[in-house]
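J.: Sharing my_file01.csv here; it has CSV, C-alpha atoms and all ligand atoms.
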chain,number,residue,atom,x,y,z
K,1,MET,CA,0.0,0.0,0.0
K,2,PRO,CA,1.7,3.3,-1.1
K,3,VAL,CA,2.1,6.0,1.6
K,4,THR,CA,1.0,9.4,0.4
K,5,LEU,CA,1.6,12.5,2.5
K,6,LEU,CA,0.2,16.1,2.0
K,7,ALA,CA,2.5,18.9,3.2
K,8,ILE,CA,1.8,22.6,3.8
K,9,GLU,CA,4.4,25.4,4.1
K,10,SER,CA,3.3,28.8,5.3
K,11,SER,CA,6.2,30.2,7.3
K,12,CYS,CA,6.8,33.5,5.5
K,13,ASP,CA,5.4,34.9,2.3
K,14,ASP,CA,4.9,31.8,0.1
K,15,THR,CA,1.8,29.6,0.4
K,16,SER,CA,2.8,26.2,-0.7
K,17,ALA,CA,1.5,22.6,-0.7
K,18,ALA,CA,3.1,19.4,-1.9
K,19,VAL,CA,2.2,15.7,-2.2
K,20,ILE,CA,4.9,13.0,-1.7
K,21,CYS,CA,4.3,9.3,-2.4
K,22,ASN,CA,6.8,6.7,-1.0
K,23,GLY,CA,9.5,9.4,-0.9
K,24,GLU,CA,8.8,10.8,-4.4
K,25,VAL,CA,7.6,14.3,-4.6
K,26,LEU,CA,4.6,14.2,-7.1
K,27,SER,CA,3.6,17.9,-6.9
K,28,ASN,CA,4.9,21.2,-5.4
K,29,VAL,CA,2.7,24.2,-5.8
K,30,VAL,CA,4.0,27.6,-4.7
K,31,ALA,CA,1.9,30.8,-4.6
K,32,SER,CA,4.2,33.7,-3.9
K,33,GLN,CA,2.7,36.8,-2.4
K,34,LEU,CA,3.4,39.9,-4.5
K,35,GLU,CA,1.6,42.3,-2.1
K,36,HIS,CA,4.8,43.0,-0.1
K,37,ASP,CA,6.9,44.4,-2.9
K,38,ARG,CA,5.5,47.9,-2.5
K,39,TRP,CA,6.4,48.0,1.2
K,40,GLY,CA,10.0,46.9,0.6
K,41,GLY,CA,9.8,43.9,2.9
K,42,VAL,CA,7.3,41.2,4.2
K,43,VAL,CA,4.4,42.7,6.2
K,44,PRO,CA,3.4,40.0,8.6
K,45,GLU,CA,-0.3,40.8,8.8
K,46,LEU,CA,-0.6,41.0,5.0
K,47,ALA,CA,1.2,37.6,4.7
K,48,ALA,CA,-1.2,35.9,7.1
K,49,ARG,CA,-4.2,37.2,5.3
K,50,ALA,CA,-2.8,36.1,1.9
K,51,HIS,CA,-2.1,32.6,3.3
K,52,LEU,CA,-5.7,32.4,4.4
K,53,ALA,CA,-7.0,33.5,1.0
K,54,GLN,CA,-4.8,31.0,-0.9
K,55,VAL,CA,-4.2,27.9,1.2
K,56,GLU,CA,-7.3,26.0,0.1
K,57,ALA,CA,-6.8,26.5,-3.6
K,58,VAL,CA,-3.1,25.7,-3.3
K,59,VAL,CA,-3.8,22.4,-1.5
K,60,LYS,CA,-6.4,21.4,-4.0
K,61,LEU,CA,-4.1,22.2,-6.9
K,62,ALA,CA,-1.3,20.1,-5.3
K,63,LEU,CA,-3.6,17.1,-5.0
K,64,THR,CA,-4.9,17.5,-8.6
K,65,LYS,CA,-1.3,17.8,-10.0
K,66,ALA,CA,-0.3,14.7,-8.1
K,67,ASN,CA,-3.4,12.9,-9.3
K,68,LYS,CA,-4.2,11.9,-5.7
K,69,PRO,CA,-7.7,12.3,-4.1
K,70,LEU,CA,-7.8,13.7,-0.5
K,71,SER,CA,-9.0,10.3,0.6
K,72,SER,CA,-5.6,8.7,-0.4
K,73,ILE,CA,-3.6,10.9,2.1
K,74,SER,CA,-2.0,8.9,4.9
K,75,ALA,CA,-0.9,11.9,7.0
K,76,VAL,CA,-0.8,15.7,6.9
K,77,ALA,CA,2.4,17.6,7.5
K,78,PHE,CA,2.9,21.3,8.2
K,79,THR,CA,5.7,23.8,9.1
K,80,GLN,CA,5.7,24.3,12.8
K,81,GLY,CA,8.4,27.0,12.7
K,82,PRO,CA,10.6,29.0,12.6
K,83,GLY,CA,8.7,31.8,10.8
K,84,LEU,CA,6.0,34.5,11.3
K,85,LEU,CA,3.5,33.5,13.9
K,86,GLY,CA,0.4,34.7,11.9
K,87,SER,CA,1.6,32.9,8.8
K,88,LEU,CA,2.4,29.7,10.7
K,89,LEU,CA,-1.0,29.7,12.3
K,90,ILE,CA,-2.8,29.6,9.0
K,91,GLY,CA,-0.9,26.5,7.7
K,92,SER,CA,-1.0,24.7,11.0
K,93,SER,CA,-4.7,25.3,11.6
K,94,PHE,CA,-5.5,24.1,8.1
K,95,ALA,CA,-3.3,21.0,8.5
K,96,LYS,CA,-4.9,20.2,11.8
K,97,SER,CA,-8.4,20.5,10.5
K,98,LEU,CA,-7.6,18.2,7.6
K,99,ALA,CA,-6.0,15.6,9.9
K,100,LEU,CA,-8.8,15.8,12.3
K,101,GLY,CA,-11.5,15.5,9.6
K,102,MET,CA,-9.8,12.7,7.8
K,103,GLU,CA,-8.7,10.9,11.0
K,104,VAL,CA,-5.1,10.7,9.8
K,105,PRO,CA,-1.9,11.5,11.8
K,106,LEU,CA,-0.3,15.0,11.9
K,107,ILE,CA,3.4,15.6,11.2
K,108,ALA,CA,5.2,18.8,12.5
K,109,VAL,CA,8.2,19.9,10.5
K,110,ASN,CA,11.0,22.3,11.3
K,111,HIS,CA,11.4,24.8,8.3
K,112,MET,CA,15.3,24.8,8.7
K,113,GLU,CA,15.5,21.0,8.7
K,114,ALA,CA,13.2,20.9,5.7
K,115,HIS,CA,15.6,23.3,3.7
K,116,ILE,CA,18.4,20.8,4.4
K,117,LEU,CA,16.3,17.7,3.6
K,118,ALA,CA,15.4,19.2,0.2
K,119,HIS,CA,18.6,17.6,-0.9
K,120,PHE,CA,16.9,14.2,-0.8
K,121,ILE,CA,14.2,15.1,-3.3
K,122,ASP,CA,16.3,14.6,-6.5
K,123,GLU,CA,19.5,12.8,-7.4
K,124,PRO,CA,22.4,13.3,-6.7
K,125,LYS,CA,21.7,13.0,-2.9
K,126,PRO,CA,24.4,13.5,-0.2
K,127,GLU,CA,25.3,10.7,2.2
K,128,PHE,CA,25.2,11.2,5.9
K,129,PRO,CA,27.1,12.9,7.5
K,130,PHE,CA,27.6,16.2,5.6
K,131,LEU,CA,27.8,19.9,6.2
K,132,CYS,CA,25.0,22.2,5.1
K,133,LEU,CA,25.2,26.0,4.6
K,134,THR,CA,21.6,27.2,4.9
K,135,VAL,CA,21.3,30.7,3.5
K,136,SER,CA,17.9,32.4,3.2
K,137,GLY,CA,16.1,35.7,3.8
K,138,GLY,CA,15.6,34.8,7.5
K,139,HIS,CA,18.5,32.5,8.4
K,140,THR,CA,22.2,31.8,7.9
K,141,GLN,CA,23.4,28.6,9.5
K,142,LEU,CA,26.2,26.0,9.3
K,143,VAL,CA,24.8,22.7,10.2
K,144,VAL,CA,26.4,19.2,10.7
K,145,VAL,CA,23.8,16.8,9.4
K,146,ASN,CA,24.4,13.4,11.0
K,147,SER,CA,21.0,12.0,9.9
K,148,ALA,CA,17.6,13.2,8.8
K,149,THR,CA,16.6,13.6,12.5
K,150,GLU,CA,20.0,14.4,14.1
K,151,MET,CA,21.5,17.8,13.2
K,152,GLN,CA,23.9,20.1,15.1
K,153,VAL,CA,24.1,23.8,14.4
K,154,LEU,CA,27.8,24.7,14.3
K,155,GLY,CA,27.3,28.4,13.8
K,156,GLU,CA,24.7,31.0,12.7
K,157,THR,CA,24.2,34.7,12.2
K,158,LEU,CA,24.2,36.9,15.2
K,159,ASP,CA,22.2,39.6,13.5
K,160,ASP,CA,20.9,39.8,9.9
K,161,ALA,CA,20.6,36.8,7.6
K,162,VAL,CA,22.7,37.0,4.4
K,163,GLY,CA,19.5,37.1,2.2
K,164,GLU,CA,18.3,40.0,4.3
K,165,ALA,CA,21.7,41.8,3.6
K,166,PHE,CA,21.2,41.2,-0.1
K,167,ASP,CA,17.6,42.6,0.1
K,168,LYS,CA,18.5,45.7,2.2
K,169,ILE,CA,21.5,46.6,0.1
K,170,GLY,CA,19.4,46.1,-3.0
K,171,LYS,CA,16.8,48.5,-1.5
K,172,MET,CA,19.6,51.1,-1.0
K,173,MET,CA,20.4,50.8,-4.7
K,174,GLY,CA,16.7,51.1,-5.7
K,175,LEU,CA,16.3,47.5,-6.8
K,176,GLY,CA,13.0,46.8,-5.0
K,177,PHE,CA,12.2,43.7,-3.0
K,178,PRO,CA,13.4,41.0,-2.9
K,179,ALA,CA,16.7,42.0,-4.5
K,180,GLY,CA,19.0,39.0,-4.2
K,181,HIS,CA,18.4,37.7,-7.7
K,182,LYS,CA,18.7,41.2,-9.2
K,183,ILE,CA,22.1,41.7,-7.5
K,184,ASP,CA,23.1,38.3,-8.8
K,185,LYS,CA,22.2,39.2,-12.4
K,186,LEU,CA,23.8,42.7,-12.3
K,187,ALA,CA,27.0,41.2,-10.8
K,188,ILE,CA,27.6,39.1,-13.8
K,189,THR,CA,28.8,42.1,-15.9
K,190,GLY,CA,30.4,44.0,-12.9
K,191,ASN,CA,33.9,44.1,-11.5
K,192,PRO,CA,34.0,42.4,-8.0
K,193,HIS,CA,37.1,44.4,-7.1
K,194,ALA,CA,35.8,47.8,-8.1
K,195,PHE,CA,34.9,48.7,-4.5
K,196,SER,CA,35.8,47.2,-1.1
K,197,PHE,CA,33.8,47.2,2.0
K,198,PRO,CA,35.0,46.6,5.6
K,199,VAL,CA,34.0,43.2,7.1
K,200,TYR,CA,33.5,42.4,10.8
K,201,GLU,CA,34.9,39.2,12.3
K,202,VAL,CA,32.8,37.5,14.9
K,203,GLY,CA,34.9,34.5,15.6
K,204,ASP,CA,34.3,30.7,15.4
K,205,PHE,CA,31.6,29.7,13.0
K,206,ASN,CA,29.1,32.5,13.5
K,207,PHE,CA,28.3,35.3,11.0
K,208,SER,CA,27.5,39.0,11.2
K,209,PHE,CA,26.0,41.0,8.3
K,210,SER,CA,24.7,44.1,9.9
K,211,GLY,CA,28.1,45.9,9.8
K,212,ILE,CA,28.6,45.5,6.1
K,213,LYS,CA,25.1,46.7,5.4
K,214,THR,CA,25.8,49.9,7.4
K,215,ALA,CA,29.2,50.3,5.6
K,216,PHE,CA,27.3,50.0,2.2
K,217,LEU,CA,24.8,52.6,3.4
K,218,TYR,CA,27.5,55.1,4.4
K,219,PHE,CA,29.2,54.4,1.0
K,220,VAL,CA,26.1,55.2,-1.2
K,221,ARG,CA,24.2,57.8,0.9
K,222,ASP,CA,26.2,60.8,-0.4
K,223,LYS,CA,26.3,59.5,-4.0
K,224,ASP,CA,24.2,61.0,-6.8
K,225,PRO,CA,21.3,58.6,-7.8
K,226,GLN,CA,22.7,58.8,-11.4
K,227,TRP,CA,26.1,57.7,-10.2
K,228,ILE,CA,24.5,54.7,-8.4
K,229,GLN,CA,22.5,53.8,-11.5
K,230,ALA,CA,25.6,54.0,-13.7
K,231,ASN,CA,27.6,51.8,-11.3
K,232,LEU,CA,25.0,49.2,-10.5
K,233,PRO,CA,27.0,46.2,-12.0
K,234,ASP,CA,30.2,47.1,-10.2
K,235,LEU,CA,28.4,47.8,-6.9
K,236,SER,CA,26.5,44.5,-7.2
K,237,ALA,CA,29.6,42.5,-8.1
K,238,SER,CA,31.6,44.1,-5.3
K,239,ILE,CA,29.1,43.6,-2.5
K,240,GLN,CA,28.2,40.1,-3.7
K,241,HIS,CA,31.9,39.2,-3.7
K,242,THR,CA,32.3,40.5,-0.1
K,243,LEU,CA,29.2,38.6,1.2
K,244,ILE,CA,30.4,35.3,-0.5
K,245,ASN,CA,33.9,35.8,1.0
K,246,LEU,CA,32.3,36.0,4.4
K,247,LEU,CA,30.3,32.8,3.9
K,248,MET,CA,33.1,30.8,2.3
K,249,LYS,CA,35.7,31.7,5.0
K,250,LYS,CA,33.5,30.0,7.6
K,251,VAL,CA,32.6,27.1,5.3
K,252,VAL,CA,36.3,26.3,4.7
K,253,LYS,CA,36.9,26.5,8.5
K,254,ALA,CA,34.0,24.2,9.3
K,255,MET,CA,35.0,21.6,6.7
K,256,ASP,CA,38.6,21.6,8.0
K,257,LYS,CA,37.4,21.3,11.6
K,258,THR,CA,34.8,18.6,11.0
K,259,GLY,CA,36.8,16.6,8.4
K,260,LEU,CA,33.6,16.3,6.3
K,261,THR,CA,34.0,16.0,2.6
K,262,GLN,CA,30.4,16.7,1.4
K,263,ILE,CA,29.0,20.3,1.5
K,264,ALA,CA,25.4,21.1,0.7
K,265,ILE,CA,23.9,24.6,0.2
K,266,ALA,CA,20.2,25.3,1.0
K,267,GLY,CA,17.8,28.2,1.2
K,268,GLY,CA,16.9,31.0,-1.2
K,269,VAL,CA,20.5,32.5,-1.5
K,270,SER,CA,21.8,29.1,-2.7
K,271,ALA,CA,20.3,30.1,-6.0
K,272,ASN,CA,23.1,32.7,-6.3
K,273,SER,CA,25.3,32.0,-9.2
K,274,GLY,CA,28.4,33.6,-7.7
K,275,LEU,CA,28.0,31.5,-4.5
K,276,ARG,CA,27.5,28.3,-6.6
K,277,ASP,CA,30.6,29.0,-8.8
K,278,ARG,CA,32.8,29.8,-5.8
K,279,MET,CA,31.7,26.7,-3.9
K,280,GLN,CA,32.5,24.6,-7.0
K,281,LYS,CA,35.9,26.2,-7.3
K,282,GLU,CA,36.8,25.6,-3.6
K,283,ALA,CA,35.5,22.1,-3.9
K,284,SER,CA,37.6,21.2,-6.9
K,285,THR,CA,40.8,22.4,-5.2
K,286,ARG,CA,39.9,20.8,-1.8
K,287,GLY,CA,38.3,17.5,-3.0
K,288,TRP,CA,34.8,18.2,-1.6
K,289,LYS,CA,31.6,17.1,-3.2
K,290,VAL,CA,29.0,19.9,-3.6
K,291,PHE,CA,25.2,19.5,-3.5
K,292,VAL,CA,22.7,22.1,-4.6
K,293,PRO,CA,19.0,21.4,-4.9
K,294,ASP,CA,17.0,22.2,-8.0
K,295,PHE,CA,16.0,25.9,-8.0
K,296,GLN,CA,12.3,25.2,-7.1
K,297,TYR,CA,13.5,23.5,-3.9
K,298,CYS,CA,16.0,26.3,-2.9
K,299,THR,CA,13.4,29.0,-2.1
K,300,ASP,CA,10.5,28.3,0.3
K,301,ASN,CA,8.4,25.4,-0.9
K,302,ALA,CA,6.3,22.5,0.5
K,303,GLY,CA,8.2,19.9,-1.4
K,304,MET,CA,11.0,20.1,1.2
K,305,VAL,CA,8.5,19.9,4.0
K,306,ALA,CA,7.0,16.8,2.4
K,307,MET,CA,10.5,15.2,2.2
K,308,ALA,CA,11.1,16.0,5.9
K,309,ALA,CA,7.7,14.5,6.7
K,310,TRP,CA,8.5,11.3,4.8
K,311,PHE,CA,11.6,10.8,7.0
K,312,LYS,CA,9.4,11.4,10.1
K,313,TRP,CA,6.7,9.0,8.8
K,314,GLN,CA,9.3,6.2,8.5
K,315,GLN,CA,10.0,6.7,12.2
K,316,GLN,CA,6.3,7.1,13.0
K,317,GLN,CA,7.0,10.6,14.6
K,318,PHE,CA,3.6,12.1,14.8
K,319,ALA,CA,2.5,15.3,16.5
K,320,PRO,CA,-0.6,15.7,18.7
K,321,LEU,CA,-3.5,17.9,17.6
K,322,ASP,CA,-2.6,20.5,20.3
K,323,THR,CA,0.9,21.1,18.8
K,324,VAL,CA,1.3,24.9,18.4
K,325,PRO,CA,3.4,26.8,15.9
K,326,ASN,CA,6.7,28.2,17.3
K,327,PRO,CA,8.2,31.3,15.5
K,328,ARG,CA,11.6,30.6,17.1
K,329,LEU,CA,11.7,26.8,16.7
K,330,LYS,CA,15.3,25.5,16.9
K,331,ILE,CA,16.7,22.7,14.9
K,332,GLY,CA,16.0,19.4,16.7
K,333,ASP,CA,13.1,20.9,18.6
K,334,SER,CA,10.1,20.2,16.3
K,335,TYR,CA,7.6,17.7,17.8
K,336,GLN,CA,9.2,14.2,17.7
K,401,LIG,O1,14.6,30.6,1.5
K,401,LIG,P1,13.8,31.8,1.0
K,401,LIG,O2,12.9,31.7,-0.2
K,401,LIG,O3,12.9,32.4,2.1
K,401,LIG,C1,13.3,32.5,3.5
K,401,LIG,O4,13.1,31.5,4.2
K,401,LIG,O5,13.8,33.5,3.8
K,401,LIG,O6,14.9,32.9,0.7
K,401,LIG,C2,14.6,34.2,0.2
K,401,LIG,C3,15.9,35.0,0.1
K,401,LIG,C4,15.7,36.5,-0.2
K,401,LIG,O7,16.5,37.2,0.7
K,401,LIG,C5,16.2,36.6,-1.7
K,401,LIG,O8,16.7,37.9,-1.9
K,401,LIG,C6,17.3,35.6,-1.7
K,401,LIG,O9,16.7,34.5,-1.0
K,401,LIG,N1,17.7,35.2,-3.0
K,401,LIG,C7,18.9,35.4,-3.6
K,401,LIG,C8,18.8,34.9,-4.9
K,401,LIG,N2,17.6,34.3,-5.1
K,401,LIG,C9,16.9,34.5,-4.0
K,401,LIG,N3,20.0,36.0,-3.1
K,401,LIG,C10,21.1,36.0,-3.9
K,401,LIG,N4,21.1,35.6,-5.1
K,401,LIG,C11,20.0,35.0,-5.7
K,401,LIG,N5,20.0,34.5,-7.0
K,402,ZN,ZN,13.1,29.4,4.1
Once you've parsed the file, please lay out its structure as structure tokens.
T.:
Amino acid sequence: MPVTLLAIESSCDDTSAAVICNGEVLSNVVASQLEHDRWGGVVPELAARAHLAQVEAVVKLALTKANKPLSSISAVAFTQGPGLLGSLLIGSSFAKSLALGMEVPLIAVNHMEAHILAHFIDEPKPEFPFLCLTVSGGHTQLVVVNSATEMQVLGETLDDAVGEAFDKIGKMMGLGFPAGHKIDKLAITGNPHAFSFPVYEVGDFNFSFSGIKTAFLYFVRDKDPQWIQANLPDLSASIQHTLINLLMKKVVKAMDKTGLTQIAIAGGVSANSGLRDRMQKEASTRGWKVFVPDFQYCTDNAGMVAMAAWFKWQQQQFAPLDTVPNPRLKIGDSYQ
């Protein structure tokens, strides 16, 4: 009898649902919310309302695309955290209602663990243990992944996430929100050594990005808007180079310290072409194997939640109906 799971992701500003059958993702529907662009960042109340408006249609579409009726679902999974509380509440309430109505188990998933487990959706898959650099709009973490359910955070950002740095710096250059992919594109034709920005060292395996953001602000605030416009490629290439250097310095240190030979990148910023190229370069000189998920599984999506749920199903790790969302959920803390 095949095991089919339905997964719902609603931690930030993407409403997503996916269906997984015996470990194979059959559908992954993502409805991105465009209403935040004009505000230059995600507005939590607007995000929660948009999730509420979209969740039912997104779930129905995921089932239709997978060619699976609701009655075939063996369990319902949802993102318990971390994320925005209002957004998490919509996904978790919807998942609980479905599980209750259909009398099937509920599976609570940690969003950060799901980003890492996205590497098990398609080939090639890493083997345990490996190191994962998770880089998104909300998080920057270096995680030793011993198994699907045993992960150890080696270091993380003490302030802004690297995606947030891309977005805020992009805003200073008038690129709108989110800006990571725009900086990436502009950087291709720019000179990464045109400008240099001071970096702040925080020791060990932790990161800090707020200082570089402020340094960039001081650098551009007296400049003429026309000068900024004319120098967008060089500014983008230089700031991207600086951010990637910061990330890679810690990755090299962590790989050396742990002796691991496989490195995976996860989260929205793993779509960055500069980061991917640099990782491949370091890997070829150091003998590492690099894993990057397909683009649709880099940014927020329910396919990765479905994969994390599949691992939990195999260990029969279910959550009671009174499980509550946790905006600050830590790796290893989701309901076992
Ligand atoms: O994982 P994600 O979709 O959402 C969070 O959980 O935060 O990541 C979104 C972040 C945004 O900050 C966006 O600017 C960044 O990923 N991003 C990129 C690229 N594509 C998305 N940053 C740099 N280069 C890209 N190509
Ligand atoms: Zn995410």
J.: Would you work out the distance separating CA of Glu24 in chain K from CA of Ile107 in chain K, expressed in Å to one decimal?
T.: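 According to the coordinates, CA of Glu24 in chain K and CA of Ile107 in chain K are separated by 17.2 Å.
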J.: Give me, as a PDB file with C-alpha atoms, in the coordinates of the input, all polymer residues having an atom no more than 10 Å from Gly203 in chain K, counting all atoms listed in the file and skipping those fewer than 4 positions away in the same chain.
T.:
ATOM      1  CA  GLY K 155      27.300  28.400  13.800  1.00  0.00           C
ATOM      2  CA  PHE K 207      28.300  35.300  11.000  1.00  0.00           C
ATOM      3  CA  SER K 208      27.500  39.000  11.200  1.00  0.00           C
ATOM      4  CA  LYS K 250      33.500  30.000   7.600  1.00  0.00           C
TER       5      LYS K 250
END
J.: Just the number, please: distance in Å from CA of His111 in chain K to CA of Ala187 in chain K, one decimal.
T.: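 Calculated distance between CA of His111 in chain K and CA of Ala187 in chain K is 29.6 Å.
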J.: May I ask for the distance between CA of Asn191 in chain K and CA of Ala237 in chain K, given in Å to one decimal place?
T.: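 Separating CA of Asn191 in chain K from CA of Ala237 in chain K is a distance of 5.7 Å.
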J.: Which residues, written as a ChimeraX atom specification, have at least one atom at most 12 Å from range 319-323 of chain K, with all atoms listed in the file counted and residues fewer than 5 positions away on the same chain left out?
T.: /K:75-81,88-89,92-101,103-109,309,312-313,334-336
J.: Name the closest residue to ligand LIG 401 (chain K) among the candidates K:Pro69, K:Gly174, K:Gly138, K:Gly23; distances are taken between atoms, counting only C-alpha atoms and all ligand atoms.
T.: K:Gly138
J.: With distances taken over all atoms listed in the file, which of K:Val25, K:Leu34, K:Val58, K:Cys298 is nearest to ligand LIG 401 (chain K)?
T.: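 Looking only at the distances to ligand LIG 401 (chain K), the closest residue turns out to be K:Cys298.
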J.: Per residue of chain K within 6 Å of ligand LIG 401 (chain K), record the nearest atom pair and its distance in Å to one decimal, counting all atoms listed in the file, with rows in chain order and ascending residue number, as a tab-separated table.
T.:
residue	atom	partner	partner_atom	distance
K:Ser136	CA	K:LIG401	O6	3.9
K:Gly137	CA	K:LIG401	O5	3.2
K:Gly138	CA	K:LIG401	O5	4.3
K:Gly163	CA	K:LIG401	O7	3.4
K:Glu164	CA	K:LIG401	O7	4.9
K:Phe166	CA	K:LIG401	O8	5.9
K:Asp167	CA	K:LIG401	O8	5.2
K:Pro178	CA	K:LIG401	O8	4.6
K:Ala179	CA	K:LIG401	O8	4.9
K:Gly180	CA	K:LIG401	N3	3.3
K:His181	CA	K:LIG401	N5	3.6
K:Asp184	CA	K:LIG401	N4	5.0
K:Gly267	CA	K:LIG401	O1	4.0
K:Gly268	CA	K:LIG401	O6	3.3
K:Val269	CA	K:LIG401	N3	3.9
K:Ala271	CA	K:LIG401	N5	4.5
K:Asn272	CA	K:LIG401	N5	3.7
K:Thr299	CA	K:LIG401	O2	3.3
K:Asp300	CA	K:LIG401	O2	4.2
